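Dropping structure12.txt in here (compact mmCIF, C-alpha atoms and all ligand atoms):
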# COMPACT_ATOMS: atom_id res chain seq x y z
CA MET A 14 28.44 143.92 -70.51
CA PRO A 15 29.30 140.57 -68.93
CA LYS A 16 32.36 138.77 -70.25
CA ILE A 17 33.72 135.31 -71.04
CA TYR A 18 36.45 133.84 -68.85
CA LEU A 19 38.45 130.67 -69.44
CA LEU A 20 38.51 127.99 -66.78
CA ASP A 21 40.80 125.20 -67.92
CA VAL A 22 40.27 121.69 -66.60
CA THR A 23 43.20 119.85 -68.25
CA ASN A 24 44.70 119.02 -64.86
CA ARG A 25 41.41 117.47 -63.75
CA ASP A 26 39.26 116.24 -66.66
CA GLY A 27 42.31 115.82 -68.93
CA VAL A 28 44.34 113.70 -66.55
CA GLN A 29 41.40 111.53 -65.45
CA THR A 30 40.95 110.43 -69.07
CA ALA A 31 41.37 106.70 -69.77
CA ARG A 32 44.92 105.74 -70.86
CA LEU A 33 46.26 109.26 -70.28
CA GLY A 34 47.99 111.08 -67.47
CA LEU A 35 50.62 113.66 -66.54
CA SER A 36 53.39 113.62 -63.97
CA LYS A 37 53.14 116.21 -61.21
CA LEU A 38 55.93 118.21 -62.85
CA GLU A 39 54.06 118.13 -66.17
CA LYS A 40 50.86 119.26 -64.42
CA THR A 41 52.84 122.13 -62.91
CA MET A 42 54.24 123.11 -66.31
CA ALA A 43 50.69 123.07 -67.69
CA ASN A 44 49.65 125.52 -64.94
CA ILE A 45 52.57 127.77 -65.85
CA TYR A 46 51.61 127.75 -69.55
CA LEU A 47 47.92 128.28 -68.74
CA ASN A 48 48.92 131.30 -66.68
CA GLU A 49 50.97 132.64 -69.60
CA ILE A 50 48.15 132.28 -72.11
CA GLY A 51 45.78 134.13 -69.77
CA VAL A 52 43.45 131.47 -68.43
CA PHE A 53 41.46 132.80 -65.46
CA GLN A 54 41.50 129.59 -63.44
CA SER A 55 43.16 126.21 -63.69
CA GLU A 56 41.27 123.34 -62.15
CA PHE A 57 44.59 122.02 -60.92
CA GLY A 58 43.67 118.74 -59.32
CA PHE A 59 41.95 116.61 -56.72
CA PRO A 60 42.53 117.73 -53.10
CA THR A 61 41.06 114.52 -51.66
CA THR A 62 43.42 112.29 -53.64
CA LYS A 63 46.50 111.51 -51.55
CA HIS A 64 49.09 111.48 -54.33
CA GLU A 65 48.03 115.00 -55.35
CA THR A 66 48.66 116.56 -51.93
CA ARG A 67 52.31 117.55 -52.35
CA TYR A 68 51.72 118.75 -55.90
CA LEU A 69 48.75 120.90 -54.88
CA ARG A 70 50.61 122.42 -51.94
CA ALA A 71 53.68 123.09 -54.08
CA ASN A 72 51.61 124.84 -56.75
CA ILE A 73 49.90 127.01 -54.15
CA GLU A 74 53.41 127.87 -52.94
CA LEU A 75 54.31 128.87 -56.51
CA ALA A 76 51.22 131.09 -56.55
CA GLU A 77 52.30 132.70 -53.27
CA MET A 78 55.79 133.24 -54.73
CA GLY A 79 54.22 135.05 -57.68
CA VAL A 80 55.29 132.38 -60.20
CA LEU A 81 51.68 131.33 -60.84
CA LYS A 82 50.02 134.71 -60.95
CA PRO A 83 47.38 135.99 -61.69
CA ILE A 84 45.90 132.55 -62.50
CA ARG A 85 43.64 131.03 -59.87
CA LEU A 86 44.20 127.45 -58.81
CA GLY A 87 40.96 125.60 -58.09
CA GLY A 88 40.47 122.08 -56.78
CA TRP A 89 37.69 119.68 -57.76
CA ILE A 90 35.85 117.71 -55.09
CA ARG A 91 32.48 116.07 -54.57
CA ALA A 92 29.86 118.35 -53.03
CA ILE A 93 29.74 116.57 -49.71
CA ALA A 94 30.93 117.94 -46.36
CA GLU A 95 33.28 114.98 -45.87
CA ASP A 96 35.29 115.92 -49.00
CA VAL A 97 35.51 119.52 -47.83
CA GLU A 98 36.91 118.38 -44.50
CA THR A 99 39.51 116.12 -46.15
CA THR A 100 40.46 118.91 -48.57
CA PHE A 101 41.29 121.44 -45.89
CA LYS A 102 43.10 118.83 -43.80
CA ARG A 103 45.40 117.92 -46.72
CA VAL A 104 45.66 121.30 -48.44
CA PRO A 105 44.84 123.89 -45.77
CA THR A 106 45.73 126.93 -47.90
CA ILE A 107 43.56 126.06 -50.89
CA LYS A 108 41.36 129.02 -51.78
CA HIS A 109 39.25 127.99 -54.75
CA LEU A 110 37.08 124.92 -55.22
CA ASN A 111 34.44 123.47 -57.47
CA LEU A 112 32.03 121.18 -55.68
CA SER A 113 30.34 118.60 -57.85
CA ILE A 114 27.16 116.55 -57.49
CA SER A 115 24.86 114.82 -60.00
CA THR A 116 21.49 116.44 -60.57
CA SER A 117 19.73 114.45 -63.31
CA ASP A 118 17.05 111.83 -62.71
CA GLN A 119 19.20 109.39 -64.66
CA MET A 120 22.05 109.80 -62.16
CA ILE A 121 19.79 110.00 -59.12
CA MET A 122 18.21 106.67 -60.07
CA GLY A 123 21.05 105.08 -62.03
CA LYS A 124 24.04 106.16 -59.91
CA PHE A 125 22.64 106.85 -56.45
CA GLN A 126 20.16 103.99 -57.03
CA GLY A 127 17.36 106.01 -55.46
CA LYS A 128 19.22 106.38 -52.15
CA LYS A 129 19.21 110.17 -52.49
CA THR A 130 16.17 112.36 -53.21
CA HIS A 131 16.30 115.64 -55.13
CA GLN A 132 16.18 117.42 -51.77
CA ASP A 133 19.07 115.30 -50.43
CA ILE A 134 21.20 116.46 -53.37
CA ILE A 135 20.50 120.09 -52.55
CA ASN A 136 21.12 119.48 -48.83
CA ASP A 137 24.46 117.76 -49.50
CA MET A 138 25.55 120.58 -51.79
CA THR A 139 24.58 123.43 -49.44
CA ALA A 140 26.19 121.68 -46.45
CA ALA A 141 29.40 121.29 -48.47
CA VAL A 142 29.31 124.94 -49.57
CA ASP A 143 28.79 126.12 -45.97
CA ALA A 144 31.66 123.90 -44.78
CA ALA A 145 34.00 125.22 -47.51
CA TRP A 146 33.27 128.86 -46.66
CA ALA A 147 33.81 128.10 -42.97
CA ALA A 148 37.14 126.43 -43.79
CA GLY A 149 38.47 129.53 -45.54
CA ALA A 150 37.55 129.20 -49.24
CA GLU A 151 37.56 132.43 -51.27
CA SER A 152 35.56 131.28 -54.29
CA LEU A 153 33.28 128.32 -54.81
CA GLY A 154 31.80 126.97 -58.01
CA VAL A 155 28.96 124.50 -57.68
CA ASN A 156 28.80 121.84 -60.39
CA ALA A 157 25.55 120.29 -61.56
CA GLU A 158 26.81 117.05 -63.08
CA ASP A 159 24.68 115.88 -66.02
CA ALA A 160 22.91 119.26 -66.02
CA SER A 161 21.90 118.84 -69.67
CA ARG A 162 19.73 115.85 -68.71
CA THR A 163 18.35 117.61 -65.62
CA ASP A 164 14.87 119.12 -65.44
CA LEU A 165 15.29 122.89 -65.82
CA ASP A 166 13.03 123.83 -62.90
CA TYR A 167 15.02 121.56 -60.60
CA LEU A 168 18.28 122.97 -61.94
CA VAL A 169 17.02 126.47 -61.12
CA GLU A 170 16.05 125.32 -57.62
CA PHE A 171 19.54 123.80 -57.22
CA GLY A 172 21.19 126.99 -58.48
CA LEU A 173 19.09 129.24 -56.23
CA ALA A 174 20.03 127.11 -53.22
CA ALA A 175 23.70 127.45 -54.19
CA LYS A 176 23.23 131.23 -54.52
CA GLU A 177 21.51 131.45 -51.15
CA HIS A 178 24.62 129.84 -49.68
CA LYS A 179 26.79 132.41 -51.46
CA ALA A 180 28.25 130.15 -54.17
CA THR A 181 30.33 132.15 -56.66
CA ARG A 182 29.30 130.32 -59.87
CA LEU A 183 27.13 127.51 -61.16
CA ARG A 184 28.79 124.96 -63.45
CA TYR A 185 26.46 123.61 -66.11
CA CYS A 186 27.95 120.22 -66.98
CA ASP A 187 26.97 118.74 -70.31
CA THR A 188 28.64 115.64 -68.98
CA LEU A 189 27.69 113.38 -71.89
CA GLY A 190 27.94 115.94 -74.69
CA TYR A 191 24.16 115.67 -75.15
CA ASP A 192 23.43 119.34 -75.85
CA ASN A 193 23.52 121.19 -79.15
CA PRO A 194 24.08 124.94 -79.56
CA PHE A 195 20.33 125.66 -79.71
CA THR A 196 19.45 123.79 -76.51
CA ILE A 197 22.41 124.97 -74.43
CA TYR A 198 21.82 128.60 -75.47
CA LYS A 199 18.26 128.41 -74.15
CA THR A 200 19.12 126.57 -70.93
CA ASN A 201 22.09 128.75 -70.03
CA LYS A 202 20.15 131.94 -70.74
CA ALA A 203 17.31 130.73 -68.53
CA LEU A 204 19.74 129.79 -65.76
CA ALA A 205 21.52 133.15 -65.91
CA GLU A 206 18.18 134.98 -65.74
CA ARG A 207 16.44 132.83 -63.17
CA VAL A 208 19.37 131.97 -60.87
CA GLY A 209 21.35 135.17 -61.24
CA LEU A 210 24.82 133.61 -60.91
CA PRO A 211 27.68 133.46 -63.43
CA ILE A 212 27.42 130.17 -65.35
CA GLU A 213 30.25 127.83 -66.34
CA GLN A 214 29.94 125.85 -69.56
CA HIS A 215 31.44 122.38 -69.17
CA CYS A 216 30.98 120.70 -72.54
CA HIS A 217 32.06 117.35 -73.94
CA GLY A 218 32.52 116.27 -77.54
CA ASP A 219 30.52 113.05 -77.76
CA LEU A 220 28.49 114.56 -80.62
CA GLY A 221 31.32 116.72 -81.90
CA MET A 222 29.95 120.01 -80.56
CA ALA A 223 31.99 120.82 -77.45
CA VAL A 224 33.36 124.13 -78.74
CA ALA A 225 30.13 125.17 -80.49
CA ASN A 226 28.13 124.35 -77.37
CA SER A 227 30.55 126.28 -75.16
CA LEU A 228 30.10 129.37 -77.31
CA ALA A 229 26.34 129.05 -77.50
CA GLY A 230 26.13 128.49 -73.72
CA ALA A 231 28.36 131.49 -73.08
CA LYS A 232 26.22 133.64 -75.40
CA GLY A 233 23.06 132.50 -73.58
CA THR A 234 24.65 133.31 -70.23
CA ILE A 235 25.75 136.78 -71.34
CA ASP A 236 22.37 137.48 -72.97
CA GLY A 237 20.90 136.45 -69.61
CA GLY A 238 23.01 139.12 -67.92
CA GLN A 239 25.81 137.07 -66.31
CA ASP A 240 29.51 136.36 -66.86
CA ALA A 241 30.31 133.06 -68.59
CA TYR A 242 33.20 130.73 -67.69
CA ILE A 243 34.02 128.30 -70.50
CA ASN A 244 35.71 125.10 -69.34
CA THR A 245 38.51 124.11 -71.71
CA THR A 246 41.32 121.57 -71.93
CA ILE A 247 44.60 121.78 -73.83
CA ASN A 248 44.20 120.02 -77.19
CA GLY A 249 40.67 119.06 -76.09
CA ILE A 250 41.98 116.13 -74.06
CA GLY A 251 39.29 114.89 -71.68
CA GLU A 252 36.94 112.05 -70.83
CA ARG A 253 35.94 109.94 -73.89
CA ALA A 254 35.67 112.24 -76.94
CA GLY A 255 37.18 115.09 -74.92
CA ASN A 256 36.34 118.62 -73.85
CA ALA A 257 36.27 122.01 -75.58
CA ASP A 258 39.78 122.69 -76.88
CA LEU A 259 41.39 125.76 -75.29
CA VAL A 260 42.94 127.24 -78.44
CA THR A 261 39.84 126.60 -80.57
CA VAL A 262 37.63 128.28 -77.96
CA ILE A 263 39.87 131.37 -77.97
CA LEU A 264 39.79 131.43 -81.79
CA ALA A 265 36.04 130.88 -81.93
CA VAL A 266 35.29 133.63 -79.40
CA THR A 267 37.63 136.16 -80.99
CA LYS A 268 37.21 135.36 -84.69
CA SER A 269 33.76 133.94 -85.41
CA LYS A 270 31.03 135.78 -87.25
CA ASP A 271 28.86 138.05 -85.13
CA PHE A 272 30.69 137.00 -81.96
CA ALA A 273 33.95 138.89 -82.12
CA GLY A 274 33.69 142.32 -80.59
CA LYS A 275 30.33 141.64 -78.95
CA TYR A 276 31.00 138.72 -76.64
CA GLN A 277 34.43 139.49 -75.29
CA LEU A 278 37.00 137.60 -73.33
CA GLY A 279 37.62 139.00 -69.87
CA GLY A 280 41.21 139.42 -68.73
CA LYS A 281 44.25 139.40 -70.99
CA VAL A 282 44.46 136.37 -73.26
CA ASP A 283 47.72 135.92 -75.17
CA LEU A 284 46.99 133.78 -78.22
CA SER A 285 50.67 133.85 -79.19
CA LYS A 286 51.29 131.20 -76.51
CA ALA A 287 48.91 128.78 -78.30
CA TRP A 288 51.54 126.88 -80.27
CA LYS A 289 53.79 126.40 -77.23
CA ILE A 290 51.04 125.10 -74.94
CA ALA A 291 49.59 122.77 -77.59
CA LYS A 292 53.02 121.29 -78.42
CA PHE A 293 53.81 120.79 -74.75
CA ALA A 294 50.53 118.93 -74.17
CA GLU A 295 51.16 116.82 -77.26
CA TYR A 296 54.53 115.77 -75.84
CA ALA A 297 53.44 115.38 -72.22
CA PHE A 298 50.27 113.36 -72.95
CA ASP A 299 52.00 111.61 -75.84
CA VAL A 300 48.92 112.21 -78.00
CA PRO A 301 49.61 113.72 -81.45
CA ILE A 302 47.77 116.89 -82.41
CA PRO A 303 45.42 115.95 -85.30
CA ILE A 304 46.66 117.24 -88.66
CA ASN A 305 43.46 119.26 -89.11
CA GLN A 306 43.33 120.72 -85.57
CA PRO A 307 42.23 124.40 -85.69
CA GLY A 308 45.15 126.81 -85.34
CA VAL A 309 47.81 124.35 -84.23
CA GLY A 310 47.36 121.35 -86.57
CA ALA A 311 50.07 120.67 -89.18
CA ASN A 312 47.61 121.53 -91.96
CA ALA A 313 46.00 124.57 -90.31
CA PHE A 314 47.96 126.87 -92.66
CA ALA A 315 48.94 124.44 -95.42
CA HIS A 316 47.73 124.90 -99.02
CA GLU A 317 48.36 122.66 -102.00
CA SER A 318 45.56 122.73 -104.53
CA GLY A 319 46.06 125.19 -107.39
CA ILE A 320 43.30 127.68 -106.74
CA HIS A 321 43.91 127.80 -102.98
CA ALA A 322 47.70 128.10 -103.23
CA ASP A 323 47.41 130.83 -105.85
CA GLY A 324 44.79 132.66 -103.80
CA VAL A 325 46.65 132.55 -100.51
CA LEU A 326 49.88 133.70 -102.15
CA LYS A 327 48.10 136.71 -103.65
CA ASP A 328 46.45 137.58 -100.33
CA PRO A 329 46.46 135.24 -97.27
CA GLU A 330 43.01 136.51 -96.33
CA ASN A 331 41.64 134.80 -99.43
CA TYR A 332 41.94 131.42 -97.73
CA GLU A 333 43.01 132.03 -94.12
CA LEU A 334 40.76 133.40 -91.43
CA TYR A 335 43.66 134.38 -89.16
CA GLY A 336 47.43 134.45 -89.41
CA PHE A 337 49.75 131.75 -88.10
CA GLU A 338 51.92 134.39 -86.39
CA GLU A 339 49.04 135.18 -84.04
CA LEU A 340 49.29 131.69 -82.58
CA GLY A 341 53.04 131.88 -82.01
CA ARG A 342 53.78 129.79 -85.10
CA GLY A 343 56.38 130.49 -87.74
CA ASP A 344 59.66 130.19 -85.86
CA PRO A 345 61.94 127.49 -87.26
CA ILE A 346 62.34 124.44 -85.01
CA LYS A 347 65.88 123.23 -84.45
CA VAL A 348 66.09 119.46 -84.68
CA ASP A 349 69.42 117.75 -84.06
CA THR A 350 70.13 115.17 -86.70
CA GLY A 351 73.51 114.16 -85.39
CA ARG A 352 74.84 113.61 -81.87
CA GLU A 353 72.35 114.28 -79.10
CA ILE A 354 72.76 114.34 -75.34
CA THR A 355 69.53 114.10 -73.39
CA ALA A 356 68.86 114.34 -69.66
CA GLY A 357 67.43 111.24 -68.02
CA GLN A 358 67.42 109.06 -64.93
CA TYR A 359 70.92 107.64 -65.56
CA SER A 360 72.55 110.87 -66.70
CA GLY A 361 75.94 111.89 -65.28
CA ILE A 362 77.21 115.34 -64.48
CA SER A 363 79.18 115.76 -67.69
CA GLY A 364 76.29 115.07 -70.07
CA PHE A 365 73.92 117.03 -67.86
CA SER A 366 76.19 120.09 -67.78
CA HIS A 367 76.36 119.91 -71.58
CA VAL A 368 72.55 119.87 -71.85
CA MET A 369 72.16 122.76 -69.41
CA GLY A 370 74.92 124.71 -71.16
CA GLN A 371 72.94 124.48 -74.39
CA ILE A 372 70.04 126.26 -72.75
CA GLU A 373 72.46 128.72 -71.19
CA VAL A 374 72.18 127.66 -67.59
CA SER A 375 75.30 127.54 -65.48
CA PHE A 376 75.63 126.59 -61.83
CA ASP A 377 77.49 128.40 -59.03
CA SER A 378 79.02 125.19 -57.75
CA LYS A 379 79.44 121.51 -58.52
CA GLU A 380 77.17 120.69 -55.54
CA LYS A 381 74.39 122.82 -56.95
CA ALA A 382 74.67 121.16 -60.37
CA ASN A 383 74.59 117.72 -58.75
CA GLU A 384 71.54 118.63 -56.71
CA VAL A 385 69.64 119.71 -59.83
CA LEU A 386 70.82 116.65 -61.78
CA GLU A 387 69.49 114.40 -59.02
CA LEU A 388 66.06 116.04 -59.37
CA VAL A 389 66.16 115.75 -63.15
CA ARG A 390 66.82 112.02 -62.78
CA TYR A 391 63.76 111.64 -60.56
CA ALA A 392 61.63 113.69 -62.95
CA ASN A 393 62.61 111.35 -65.76
CA VAL A 394 61.82 108.28 -63.63
CA LEU A 395 58.27 109.67 -63.33
CA SER A 396 57.70 110.87 -66.89
CA HIS A 397 59.72 108.27 -68.86
CA LYS A 398 60.76 110.82 -71.44
CA PRO A 399 63.55 113.36 -71.84
CA LEU A 400 62.71 116.59 -70.05
CA VAL A 401 61.90 119.61 -72.18
CA GLU A 402 63.87 122.84 -71.81
CA ASP A 403 61.24 124.57 -69.73
CA GLU A 404 61.15 121.64 -67.30
CA LEU A 405 64.93 121.73 -66.91
CA LEU A 406 64.81 125.48 -66.36
CA PHE A 407 62.02 125.08 -63.84
CA ILE A 408 63.96 122.52 -61.82
CA ALA A 409 67.11 124.65 -61.92
CA ARG A 410 65.16 127.70 -60.79
CA TYR A 411 62.96 126.11 -58.14
CA PRO A 412 64.75 122.99 -56.85
CA GLU A 413 62.92 123.04 -53.51
CA ILE A 414 59.51 123.08 -55.23
CA ALA A 415 60.66 120.42 -57.70
CA LYS A 416 61.66 118.19 -54.77
CA LYS A 417 58.09 118.38 -53.46
CA LEU A 418 56.61 117.61 -56.89
CA LEU A 419 58.84 114.59 -57.30
CA THR A 420 58.13 113.09 -53.88
CA SER A 421 55.44 110.47 -53.99
CA THR A 422 55.46 108.88 -50.54
CA PRO A 423 51.90 108.95 -49.16
CA LEU A 424 51.36 111.53 -46.44
CA GLU A 425 49.92 110.27 -43.16
CA ILE A 426 46.85 112.48 -43.32
ZN ZN B 1 33.95 116.59 -67.80
Conversion result in structure tokens:
Amino acid sequence: MPKIYLLDVTNRDGVQTARLGLSKLEKTMANIYLNEIGVFQSEFGFPTTKHETRYLRANIELAEMGVLKPIRLGGWIRAIAEDVETTFKRVPTIKHLNLSISTSDQMIMGKFQGKKTHQDIINDMTAAVDAAWAAGAESLGVNAEDASRTDLDYLVEFGLAAKEHKATRLRYCDTLGYDNPFTIYKTNKALAERVGLPIEQHCHGDLGMAVANSLAGAKGTIDGGQDAYINTTINGIGERAGNADLVTVILAVTKSKDFAGKYQLGGKVDLSKAWKIAKFAEYAFDVPIPINQPGVGANAFAHESGIHADGVLKDPENYELYGFEELGRGDPIKVDTGREITAGQYSGISGFSHVMGQIEVSFDSKEKANEVLELVRYANVLSHKPLVEDELLFIARYPEIAKKLLTSTPLEI
């Protein structure tokens, strides 16, 4: 039976969100956490954007070193040959891409202003796919932007053209969050049956149904005989009302009625990393997790009213669908209420050594400690907040990679 895979787009859709962003080190940490939780692929950035080049190359290096493994790192570009050319010039070793082009009449008229016909869209996409294969890509997803407002027969034609050119997957983008579970089930089932490619569900929350639509689309795809790839973001951060939240999607697939056990996640997903990844994203994006967020919200396991409290104390299953331990919750958090030394851009070696000593890192020499401190200062210049333990450990472990992530001079390519 086909399976459901997770393709997280935090480092693409999440960071392109208005008012929000991540430093290149934070994006790298997100990739590390996504790998730990068992996400199949991270859409890790924009290969045609100059300031991403060093970050993308450094993360591919981490993959080659085995640090980011088995996760796949996929770039997002427009489905035009020119973008493919720029991509492989800037990031020659990139292996996975999603190529995106709008397919709806609304976009063809409203965005391309009638300058492209339906056939032009297909021609652009297939030319880009051919160019990416020729340049050395190993997997290619083709994105139909605004698919939910696209005529189904045309979408099938678009998908079949992608398949003819050996595309690996078709991304069904509900770009505006227009679908509901009933419509996306039908469309994704039809696409799986008629196109015969694995389908990605890329859902937005403009009508509050991103997770529900992702599940319904995945079910349709599997019922149509193909693997499904749900696009998620950490804490649901994404354009406007956001994307399908990673942790909620995992919970919904594994715990919901008549879904669990039938429609299974492919690969190993480790839900116990949920708390860690959600808290990191909260800190890095500087966007609080809503109190009622499934699984990781402050109230997700809180009970106060008499009947509920009594019931949950007698048997947690009375009022909890799953246990907090499963999500990696329950450990006490140590919060200093007295003297604190943090690591920042003006830190000196004494304070820095104290901070590193607390997380049990020692250096072979004073030079080595100074080298790492210098990098920590730069990281703080870019993120404007004290570095978290895992970031400090990362820099201490991989100073050469950190140097690349912290360099932001434009490359001459
Ligand atoms: Zn999106």
Handout entry: CA of Tyr167 in chain A to CA of Val208 in chain A, straight-line distance in Å
Key =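 Computed distance, CA of Val208 in chain A to CA of Tyr167 in chain A, equals 11.3 Å.
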Handout entry: Expected answer as a list of chain:residue names: residues within 7 Å of ligand ZN 1 (chain B), all atoms listed in the file
Key =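 I would give the residues around ligand ZN 1 (chain B) as A:Asp26, A:Thr188, A:His215, A:Cys216, A:His217, A:Gly251, A:Glu252, A:Asn256.
Each of A:Pro307, A:Gly221, A:Gly280, A:Gly238 was compared to Leu189 in chain A using all atoms listed in the file, and A:Gly221 turns out to be the nearest.
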Practice task
Identify, on the basis of only C-alpha atoms, every residue whose closest approach to Glu170 in chain A does not exceed 12 Å; exclude the query and any residue fewer than 6 positions from it along the same chain; express the result as a list in words.
Solution key: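 Those residues are Thr116, His131, Gln132, Ile134, Ile135, Asn136, Thr139, Ala157, Thr163, Asp164, Lys176, Glu177, Leu183, Leu204, Arg207, Val208 and Gly209 of chain A.
From CA of Lys292 in chain A back to CA of Lys416 in chain A, the distance works out to 25.4 Å.
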Exercise for the section: Find the distance between CA of Val260 in chain A and CA of Val28 in chain A and write it in Å to one decimal. Expected result: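 For CA of Val260 in chain A relative to CA of Val28 in chain A, the distance reads 18.1 Å.
The shortest atom-to-atom distance to Thr181 in chain A, with only C-alpha atoms taken into account, belongs to A:His109 out of A:His397, A:Arg91, A:His109, A:Lys268.
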Handout entry: Sel. within 9 Å of pt (25.0, 111.5, -73.9), counting only C-alpha atoms, output as number ranges by chain
Key = A: 162, 187-192, 219-220
Only C-alpha atoms, please: the residues just picked out, written as an mmCIF file, in the frame of the given file.
data_model
loop_
_atom_site.group_PDB
_atom_site.id
_atom_site.type_symbol
_atom_site.label_atom_id
_atom_site.label_comp_id
_atom_site.auth_asym_id
_atom_site.auth_seq_id
_atom_site.Cartn_x
_atom_site.Cartn_y
_atom_site.Cartn_z
ATOM 1 C CA ARG A 162 19.730 115.850 -68.710
ATOM 2 C CA ASP A 187 26.970 118.740 -70.310
ATOM 3 C CA THR A 188 28.640 115.640 -68.980
ATOM 4 C CA LEU A 189 27.690 113.380 -71.890
ATOM 5 C CA GLY A 190 27.940 115.940 -74.690
ATOM 6 C CA TYR A 191 24.160 115.670 -75.150
ATOM 7 C CA ASP A 192 23.430 119.340 -75.850
ATOM 8 C CA ASP A 219 30.520 113.050 -77.760
ATOM 9 C CA LEU A 220 28.490 114.560 -80.620
#
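Excluding Met14 in chain A itself and same-chain residues fewer than 3 positions from it, the residues having an atom within 10 Å of it are Ile235, Asp236, Gly238, Gln239, Asp240, Lys275, Tyr276 and Gln277 of chain A, counting all atoms listed in the file.
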Exercise for the section: Pick out the residues sitting within 10 Å of Lys286 in chain A, and hand them over as a list in words; count only C-alpha atoms, and ignore anything fewer than 6 positions along from it in its own chain. Expected result: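 My reading of the contact set: Tyr46, Leu47, Glu49, Ile50, Gly51, Val260, Glu339, Leu340, Gly341 and Arg342 of chain A.
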Problem - Neighbour residues at most 10 Å from (53.7, 122.3, -70.4) (only C-alpha atoms) as number ranges by chain - result: A: 35, 38-47, 247, 289-298, 401, 403-404
Practice task
Would you kindly return, as a VMD selection string, each protein, DNA or RNA residue with an atom no farther than 9 Å from any atom of Ser366 in chain A, considering all atoms listed in the file and excluding same-chain residues fewer than 3 positions away?
Solution key: chain A and resid 361 to 363 369 to 371 374 to 376 382 386
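Neighbours of Ile93 in chain A closer than or equal to 9 Å, with all atoms listed in the file counted and sequence neighbours fewer than 3 positions away skipped, come out as Ile90, Asp96, Val97, Leu112, Ser113, Ile114, Asp137, Met138, Thr139, Ala140, Ala141 and Val142 of chain A.
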Exercise for the section: Choose the residue, out of A:Thr99, A:Thr246, A:Asn48, A:Asn72, that has the smallest atom-to-atom separation from Thr23 in chain A; count only C-alpha atoms. Expected result: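 Between A:Thr99, A:Thr246, A:Asn48, A:Asn72, the residue approaching Thr23 in chain A most closely is A:Thr246.
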Problem - Nearest residue to Glu77 in chain A from the set A:Lys199, A:His178, A:Lys108, A:His367 (distances using all atoms listed in the file) - result: A:Lys108
Would it be fine to have range 138-142 of chain A, with all heavy atoms, given as a compact mmCIF listing (two decimals), in the first residue's frame?
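In the end it all went to result29.txt:
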# COMPACT_ATOMS: atom_id res chain seq x y z
N MET A 138 7.54 24.34 -18.32
CA MET A 138 7.77 23.34 -17.27
C MET A 138 8.60 22.16 -17.81
O MET A 138 9.59 21.76 -17.19
CB MET A 138 6.42 22.87 -16.72
CG MET A 138 6.48 21.80 -15.65
SD MET A 138 6.45 20.14 -16.33
CE MET A 138 4.78 20.01 -16.96
N THR A 139 8.23 21.63 -18.97
CA THR A 139 8.96 20.46 -19.48
C THR A 139 10.39 20.84 -19.87
O THR A 139 11.32 20.05 -19.65
CB THR A 139 8.23 19.80 -20.67
OG1 THR A 139 7.96 20.81 -21.66
CG2 THR A 139 6.92 19.17 -20.24
N ALA A 140 10.59 22.05 -20.38
CA ALA A 140 11.94 22.49 -20.74
C ALA A 140 12.80 22.59 -19.47
O ALA A 140 13.97 22.20 -19.45
CB ALA A 140 11.90 23.84 -21.45
N ALA A 141 12.18 23.09 -18.39
CA ALA A 141 12.91 23.22 -17.12
C ALA A 141 13.24 21.83 -16.55
O ALA A 141 14.35 21.60 -16.06
CB ALA A 141 12.07 24.02 -16.12
N VAL A 142 12.28 20.92 -16.64
CA VAL A 142 12.51 19.56 -16.14
C VAL A 142 13.64 18.89 -16.93
O VAL A 142 14.58 18.32 -16.35
CB VAL A 142 11.20 18.72 -16.21
CG1 VAL A 142 11.48 17.24 -15.98
CG2 VAL A 142 10.19 19.23 -15.19
